[in-house]
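Asks: Have a look at this one.
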Amino acid sequence: MKSLSIRNGVLQMNELSKVKARAMRLGVWFRVLTRAERAEIELTLRIVKRIRSLLLAEVVTSIVKKLLDAMQSKVGCLMREIGQPLARKLSGIAQKWGNRSAHQWVADPGFVQYLTVTYINAPATFRT
């Protein structure tokens with residue numbers, strides 16, 4: 001559940017309730033959101049059947065993004081910040097050496113996760 005799905009320009013409310021439930025389960029709901037943000041989501045879930053207003057969609061999307069960022073694991077965050085650039089760099093080097101399938105490495109989440117975990121566990125003197 002990376003983001004809310006948008007079908008025909010409408011945010012899906014069932015996914016919004018799933019994000020809320022998951023945030024509450026993980027203890028992020030009260031820790032990350034302000035009282036006003038929690039109220040906006042609660043009222044949207046209770047009153048609105050379909051979000052049609054662009055302004056409301058932007059507000060809800062920004063709050064959900066805030067929740068999803070807080071719920072993401074440390075490794076997931078590091079995969080995006082460290083693993084992806086490392087994979088791009090290694091892929092570029094391998095392509096220059098003639099490896100034609102190296103362009104696929106960047107899109108391989110297993111390879112990105114491997115690079116991230118290796119980076120985390122490497123001594124500080126070996127990190128670039």
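Quick note on naming: the chains in the structure tokens go A, B, ... in the order shown, residues restart at 1 in each chain, and ligands are numbered from 1 in order of appearance.
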Write out as a PyMOL selection string the set of residues from stretch 8-114 of chain A that DSSP, computed on the backbone, places in helix (DSSP H, G or I).

Replies: chain A and resi 13-25+29-32+35-47+54-71+74-96+100-107+109-114

Asks: Show which residues sit within 9 Å of A:Arg88, as a list of chain:residue names. Count only C-alpha atoms, and ignore same-chain residues fewer than 4 positions away.

Replies: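 These residues fall inside the cut-off: A:Gly83, A:Gln84, A:Gly92, A:Ile93, A:His103, A:Trp105, A:Val106.
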
Asks: So which one's closest to A:Glu37, A:Ala57, A:Ile63, A:Met24, A:Leu16? Using only C-alpha atoms, please.

Replies: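 Between A:Ala57, A:Ile63, A:Met24, A:Leu16, the residue approaching A:Glu37 most closely is A:Ile63.
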
Asks: Which residue is closest to A:Phe30? Choose from A:Lys89, A:Tyr114, A:Val59, A:Ala70 and count only C-alpha atoms.

Replies: A:Ala70

Asks: Between A:Val117, A:Met71, A:Ala36, A:Leu43, which residue has the minimum interatomic distance to A:Ala21, considering only C-alpha atoms?

Replies: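 Of all the options, A:Met71 lies closest to A:Ala21.
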
Asks: Which residues come within 12 Å of A:Ala102, counting only C-alpha atoms, excluding same-chain residues fewer than 2 positions away, as a ChimeraX atom specification?

Replies: /A:87-100,104-108,111

Asks: Work out how far apart atom CA of A:Leu115 and atom CA of A:Ile82 are and give it in Å to one decimal.

Replies: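 Computing the Euclidean distance for atom CA of A:Leu115 and atom CA of A:Ile82 yields 8.3 Å.
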
Asks: Just give me the gap between atom CA of A:Leu33 and atom CA of A:Val60 in Å, one decimal is fine.

Replies: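 We find that atom CA of A:Leu33 and atom CA of A:Val60 lie 12.0 Å from each other.
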
Asks: What's the separation between atom CA of A:Val32 and atom CA of A:Thr116, in Å to one decimal place?

Replies: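 Value for the atom CA of A:Val32-atom CA of A:Thr116 distance: 25.9 Å.
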
Asks: I'd like to know which of A:Leu26, A:Val112, A:Leu68, A:Ile41 is closest to A:Leu56, using only C-alpha atoms.

Replies: A:Ile41

Asks: With a distance cut-off of 10 Å and only C-alpha atoms, select the neighbouring residues of A:Leu67, excluding the residue or stretch itself and same-chain residues fewer than 4 positions from it, and output the selection as a CSV table (one decimal) with N, CA and C atoms, in the first residue's frame.

Replies:
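File around18.csv, as written:
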chain,number,residue,atom,x,y,z
A,19,VAL,N,-5.2,2.7,5.5
A,19,VAL,CA,-4.0,3.4,6.0
A,19,VAL,C,-4.2,3.9,7.4
A,20,LYS,N,-5.4,4.3,7.7
A,20,LYS,CA,-5.7,4.8,9.1
A,20,LYS,C,-5.5,3.6,10.1
A,22,ARG,N,-3.8,0.8,9.8
A,22,ARG,CA,-2.4,0.4,9.9
A,22,ARG,C,-1.6,1.4,10.7
A,23,ALA,N,-1.9,2.7,10.5
A,23,ALA,CA,-1.2,3.7,11.3
A,23,ALA,C,-1.5,3.6,12.8
A,28,VAL,N,1.6,5.1,14.9
A,28,VAL,CA,2.0,6.3,14.2
A,28,VAL,C,0.9,7.4,14.2
A,29,TRP,N,-0.3,6.9,14.2
A,29,TRP,CA,-1.5,7.8,14.1
A,29,TRP,C,-1.4,9.0,15.0
A,31,ARG,N,1.3,9.8,17.1
A,31,ARG,CA,2.6,10.3,17.2
A,31,ARG,C,3.0,11.3,16.1
A,32,VAL,N,2.5,11.0,14.9
A,32,VAL,CA,2.9,11.8,13.7
A,32,VAL,C,1.9,12.9,13.4
A,33,LEU,N,0.7,12.7,13.5
A,33,LEU,CA,-0.4,13.6,13.0
A,33,LEU,C,-0.8,14.6,14.1
A,61,THR,N,-4.2,13.6,0.6
A,61,THR,CA,-3.0,13.0,0.1
A,61,THR,C,-1.7,13.4,0.8
A,62,SER,N,-1.6,14.7,1.2
A,62,SER,CA,-0.4,15.1,2.0
A,62,SER,C,-0.4,14.4,3.4
A,63,ILE,N,-1.5,14.3,4.0
A,63,ILE,CA,-1.6,13.6,5.3
A,63,ILE,C,-1.2,12.1,5.2
A,71,MET,N,5.4,5.2,8.5
A,71,MET,CA,5.2,3.8,8.7
A,71,MET,C,6.3,3.0,8.0
A,72,GLN,N,7.0,3.6,7.1
A,72,GLN,CA,8.0,2.9,6.3
A,72,GLN,C,9.2,2.4,7.2

Asks: Within chain A, find each residue whose DSSP state, derived from the backbone, is strand (DSSP E), and express the selection as a list in words.

Replies: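 Assigned to strand (DSSP E), within chain A: Ile6, Arg7, Val10 and Leu11 of chain A.
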